[in-house]
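Visitor: Quick one: the structure is below, questions incoming.
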Amino acid sequence: MREVWTAAVDAHVRFGVAVSGGPDSLALLLLAHGFNRDQFEAVTVDHRLRPESGEEAARVGAICARLGVRHTILPVEVASGNMHDAAREARYRAMGEWALGRGMYGILTAHHADDQAETVLMRLNRGSGPGGLCGIRAMQPFPSGVSAIRPLLQWRKAELEAIVAESGLDPVRDPSNEDPRFDRARIRAAIGEAGWLDAVAIARSAQYLQQADLALWTYATRDYERTVEYEGDAVVWRPDDIPRAARLICVMRALAEAGGDDFSMADAARLHDAVMAGGKGGTLGGVELRFRKGEWRFAPEPPRRNG
Ligand SMILES: Nc1ncnc2c1ncn2[C@@H]1O[C@H](COP(=O)(O)OP(=O)(O)OP(=O)(O)O)[C@@H](O)[C@H]1O
């Protein structure tokens, strides 16, 4: 936290602080307030999914007013489907646009070591690749270009709760956090029971992995840029002999550059592995890949003829 803040003070940049009203983000608000009140504003997204959400957002507003911190409530429309994912998407979009409009460098969120340990263990339990095992990123760009910054990834939840308890503030409790229908709540309960699991150590490993992942992306991107050519709409890639993990990153990039969307790393890995096993290519996310004599040609899939 201190490093993020010191760097920010030096650079005279401004931040948003994402405050849901829960104990974690109230602690973040109090910590930020202790550093430099003029450098940040607080923001609360009202997802309008529970009848009391408006009142909870107003409660955050009242706390901010008492602390002398500017506060904005952003009401959003959450699309139907997976409610959690849709709420997250609406929240990050709204906060990103808000921060961009205010010339902010980024938005601080209060994800902590317990969140990180839950995320990493959930992903280990699903067989995630290296990118997934990095867990919650310390720095992550929003679609708007503004970044989410997570300075509390090495803090225990209990430490944050203690800060709030000491302040006498009364945090909002989201009932879905304890709902055992969600994977995360089950993993959280399991970590609570297994006293030998060290959330801060798991968060530290995730941080090392984030550094290693960044190195891998840098290596893959440099190699890709040396070995790719563009012919009209087509992306033509003649890869060097680089490791599979780096090649997958290049395939993701080539698919995106050829106009592909709506595909996952796992989809791209399947396409890549099929080619490496002697296949001639395939289609993915609206892109057609043809492989011939060491050349990977990605082009927008031709429109289907009717009848
Ligand atoms: N309604 C909200 N308004 C403002 N900030 C929020 C809101 N909800 C969450 N946040 C911010 O995001 C942090 C993480 O919240 P939470 O753990 O509920 O999100 P999540 O959905 O599990 O994770 P993610 O943010 O990665 O989607 C909070 O500590 C807070 O900083």
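Ordering of the structure tokens sets the chain letters (A, B, ...); residue numbers start at 1 within each chain; ligands are numbered from 1 in the order shown.
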Within 6 Å of ligand 1, counting only C-alpha atoms and all ligand atoms, which protein or nucleic acid residues do you find, written as a PyMOL selection string?

Guide: chain A and resi 18-20+24-25+43-46+88+109-111

Visitor: Would you mind listing what lies within 7 Å of stretch 209-214 of chain A as a ChimeraX atom specification, with only C-alpha atoms counted and same-chain residues fewer than 3 positions away left out?

Guide: /A:131,134,205-206,217-218

Visitor: So that I have them on file, write out the residues from the current selection with N, CA and C atoms, as a short mmCIF file (atom, residue, chain, number, x, y, z; two decimals), in the first residue's frame.

Guide:
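Final output, saved to out-v6.cif:
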```cif
data_model
loop_
_atom_site.label_atom_id
_atom_site.label_comp_id
_atom_site.auth_asym_id
_atom_site.auth_seq_id
_atom_site.Cartn_x
_atom_site.Cartn_y
_atom_site.Cartn_z
N GLY A 131 -1.42 -18.28 -16.72
CA GLY A 131 -2.09 -16.97 -16.65
C GLY A 131 -3.15 -16.98 -15.55
N CYS A 134 -1.92 -16.89 -11.89
CA CYS A 134 -1.45 -15.59 -11.39
C CYS A 134 -2.49 -14.96 -10.47
N SER A 205 3.18 -16.12 -3.75
CA SER A 205 3.45 -16.98 -4.91
C SER A 205 2.76 -16.42 -6.15
N ALA A 206 1.53 -15.96 -5.97
CA ALA A 206 0.79 -15.40 -7.11
C ALA A 206 1.52 -14.18 -7.66
N TRP A 217 5.14 -12.99 -21.47
CA TRP A 217 4.42 -12.18 -22.47
C TRP A 217 5.39 -11.28 -23.23
N THR A 218 6.36 -10.73 -22.50
CA THR A 218 7.33 -9.84 -23.15
C THR A 218 8.14 -10.63 -24.17
#
```

Visitor: Find the residues near stretch 255-263 of chain A: any atom within 6 Å, counting only C-alpha atoms, skip ones fewer than 4 places away on the same chain, and give them as a VMD selection string.

Guide: chain A and resid 285 to 287 299 to 300

Visitor: Would you pick out the contacts of A:Val236 at 7 Å or less, using only C-alpha atoms, so that residues sharing its chain but fewer than 4 positions from it are not included, and give the list as a PyMOL selection string?

Guide: chain A and resi 228-230+295-298

Visitor: With DSSP run on the backbone, what are the strand (DSSP E) residues within stretch 137-196 of chain A? I'd like them as a ChimeraX atom specification.

Guide: /A:139-141,147-149

Visitor: Which residues are near A:Ala203? Cut-off 7 Å, only C-alpha atoms, ignore same chain within fewer than 6 positions. Put them as a list in words.

Guide: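 Using only C-alpha atoms, the neighbours found are Ala113, Gln116, Ala117, Leu153 and Gln154 of chain A.
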
Visitor: What does the file look like for those residues with C-alpha atoms, as a tab-separated table (two decimals), in the first residue's frame?

Guide:
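Wrote it out as out37.tsv, contents follow:
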```tsv
chain	number	residue	atom	x	y	z
A	113	ALA	CA	-4.62	-11.96	0.45
A	116	GLN	CA	-6.11	-14.05	-3.69
A	117	ALA	CA	-5.69	-17.40	-1.91
A	153	LEU	CA	-3.08	-8.18	-2.00
A	154	GLN	CA	-0.62	-8.95	0.81
```

Visitor: Rank A:Val235, A:Leu121, A:Met104, A:Leu160 by their smallest atom-to-atom distance to A:Pro23, using only C-alpha atoms, and report the top residue only.

Guide: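 Smallest separation from A:Pro23 among the options: A:Leu160.
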
Visitor: Which residues come within 12 Å of A:Cys250, counting only C-alpha atoms, excluding same-chain residues fewer than 2 positions away, as an MDAnalysis selection string?

Guide: chainID A and resid 216:228 235:240 242:248 252:257 265 268:269 272 296 298

Visitor: Write out as a ChimeraX atom specification which residues come within 12 Å of A:Ala62 when counting only C-alpha atoms, dropping same-chain ones fewer than 2 positions away.

Guide: /A:21,42,44,55-60,64-73,169-170

Visitor: From the options A:Ile163, A:Leu28, A:Val172, A:Met95, which residue's atoms come nearest to A:Gly54, counting only C-alpha atoms?

Guide: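 Using only C-alpha atoms, A:Gly54 sits closest to A:Val172.
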
Visitor: Which residue gives the smallest distance to A:His84 among A:His33, A:Arg14, A:Arg156, A:Arg184, with only C-alpha atoms counted?

Guide: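 For A:His84, the nearest of the given residues is A:Arg184.
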
Visitor: Which is closer to A:Arg48 than all the others in A:Ala87, A:Val13, A:Leu124, A:Arg150, using only C-alpha atoms?

Guide: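 Distance minimum relative to A:Arg48 lands on A:Ala87.
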
Visitor: Find the distance between atom CA of A:Glu118 and atom CA of A:Glu159 and write it in Å to one decimal.

Guide: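 Separation of atom CA of A:Glu118 and atom CA of A:Glu159: 16.9 Å.
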
Visitor: Could you jot down the atom CA of A:Met139 to atom CA of A:Leu108 separation for me, Å, one decimal place?

Guide: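 Separation between atom CA of A:Met139 and atom CA of A:Leu108: 9.4 Å.
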
Visitor: Return the single residue from A:Pro130, A:Arg102, A:Leu49, A:Ile63 that is closest to A:Ala86, with distances computed using only C-alpha atoms.

Guide: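 Of all the options, A:Leu49 lies closest to A:Ala86.
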
Visitor: Let's see if you can do this: from backbone DSSP, list all helix (DSSP H, G or I) residues in stretch 79-170 of chain A, as a PDB file with C-alpha atoms, in the first residue's frame.

Guide:
```pdb
ATOM      1  CA  MET A  83     -25.407 -12.313 -12.384  1.00  0.00           C
ATOM      2  CA  HIS A  84     -21.974 -12.192 -10.737  1.00  0.00           C
ATOM      3  CA  ASP A  85     -20.089 -11.826 -14.035  1.00  0.00           C
ATOM      4  CA  ALA A  86     -22.621  -9.358 -15.443  1.00  0.00           C
ATOM      5  CA  ALA A  87     -22.443  -7.217 -12.275  1.00  0.00           C
ATOM      6  CA  ARG A  88     -18.626  -7.237 -12.415  1.00  0.00           C
ATOM      7  CA  GLU A  89     -18.623  -6.233 -16.076  1.00  0.00           C
ATOM      8  CA  ALA A  90     -21.101  -3.392 -15.510  1.00  0.00           C
ATOM      9  CA  ARG A  91     -19.147  -2.255 -12.435  1.00  0.00           C
ATOM     10  CA  TYR A  92     -15.745  -2.138 -14.135  1.00  0.00           C
ATOM     11  CA  ARG A  93     -17.164  -0.443 -17.228  1.00  0.00           C
ATOM     12  CA  ALA A  94     -18.904   2.268 -15.182  1.00  0.00           C
ATOM     13  CA  MET A  95     -15.915   2.863 -12.897  1.00  0.00           C
ATOM     14  CA  GLY A  96     -13.489   2.902 -15.848  1.00  0.00           C
ATOM     15  CA  GLU A  97     -15.503   5.530 -17.722  1.00  0.00           C
ATOM     16  CA  TRP A  98     -15.950   7.566 -14.562  1.00  0.00           C
ATOM     17  CA  ALA A  99     -12.188   7.549 -13.862  1.00  0.00           C
ATOM     18  CA  LEU A 100     -11.327   8.335 -17.477  1.00  0.00           C
ATOM     19  CA  GLY A 101     -13.647  11.357 -17.406  1.00  0.00           C
ATOM     20  CA  ALA A 113      -4.619 -11.956   0.448  1.00  0.00           C
ATOM     21  CA  ASP A 114      -7.627 -14.079   1.419  1.00  0.00           C
ATOM     22  CA  ASP A 115      -9.339 -13.175  -1.906  1.00  0.00           C
ATOM     23  CA  GLN A 116      -6.113 -14.051  -3.693  1.00  0.00           C
ATOM     24  CA  ALA A 117      -5.692 -17.395  -1.910  1.00  0.00           C
ATOM     25  CA  GLU A 118      -9.314 -18.326  -2.725  1.00  0.00           C
ATOM     26  CA  THR A 119      -8.841 -17.384  -6.386  1.00  0.00           C
ATOM     27  CA  VAL A 120      -5.567 -19.277  -6.788  1.00  0.00           C
ATOM     28  CA  LEU A 121      -6.873 -22.411  -5.021  1.00  0.00           C
ATOM     29  CA  MET A 122     -10.103 -22.355  -7.064  1.00  0.00           C
ATOM     30  CA  ARG A 123      -8.071 -22.145 -10.265  1.00  0.00           C
ATOM     31  CA  LEU A 124      -5.601 -24.850  -9.186  1.00  0.00           C
ATOM     32  CA  PRO A 130      -0.044 -20.095 -15.810  1.00  0.00           C
ATOM     33  CA  GLY A 131      -2.089 -16.974 -16.649  1.00  0.00           C
ATOM     34  CA  GLY A 132      -4.968 -18.161 -14.464  1.00  0.00           C
ATOM     35  CA  LEU A 133      -2.709 -19.183 -11.591  1.00  0.00           C
ATOM     36  CA  LYS A 157      -8.884  -9.754   5.616  1.00  0.00           C
ATOM     37  CA  ALA A 158      -8.741  -9.830   9.441  1.00  0.00           C
ATOM     38  CA  GLU A 159      -6.248  -6.937   9.422  1.00  0.00           C
ATOM     39  CA  LEU A 160      -8.614  -4.861   7.281  1.00  0.00           C
ATOM     40  CA  GLU A 161     -11.568  -5.717   9.495  1.00  0.00           C
ATOM     41  CA  ALA A 162      -9.580  -4.622  12.531  1.00  0.00           C
ATOM     42  CA  ILE A 163      -8.922  -1.200  10.941  1.00  0.00           C
ATOM     43  CA  VAL A 164     -12.649  -0.734  10.381  1.00  0.00           C
ATOM     44  CA  ALA A 165     -13.604  -1.987  13.843  1.00  0.00           C
ATOM     45  CA  GLU A 166     -11.176   0.479  15.403  1.00  0.00           C
ATOM     46  CA  SER A 167     -12.702   3.349  13.412  1.00  0.00           C
TER      47      SER A 167
END
```
